[in-house]
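Undergrad: Starting off with a structure, shown below.
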Amino acid sequence: MLADAATCCYVSLVTPNGTAIRALRNALKLSIRSVARDAHCDPSHLSRLERGEAGMGEPGLRRIAAVLGVSVAAINREEEP
């Protein structure tokens with residue numbers, strides 16, 4: 001039970017807007033596999049992230065943002081992409 005609570009807290013700390021990630025990825029005509037490969041993450045995790053079913057830590061978000069050519073703030077919709 002304690003591990004589940006820790007996981008929930010971690011995921012809620014950094015939950016990017018998966019819709020923004022998917023929109024940017026589609027606009028750039030990039031596949032989930034290519035973004036995941038270049039961002040050094042698992043394609044299935046990236047898919048869950050886009051659907052809002054998973055979270056990702058700051059280092060992973062930075063890698064995804066770099067692949068998409070935007071800032072982490074743009075992914076989180078804190079600024080315009």
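Residue names in the structure tokens use chain letters A, B, ... in the order shown, residue numbers from 1 in each chain, and ligand numbers from 1 in the order shown.
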Excluding A:Arg33 and any residue of its chain fewer than 2 positions from it, enumerate the residues within 10 Å of it, using only C-alpha atoms, and give them as a PyMOL selection string.
TA: chain A and resi 30-31+35-39+41-44+46-47
Undergrad: Find the residues near A:Ile21: any atom within 9 Å, counting only C-alpha atoms, skip ones fewer than 6 places away on the same chain, and give them as a PyMOL selection string.
TA: chain A and resi 49-50+64-65+68+75-76
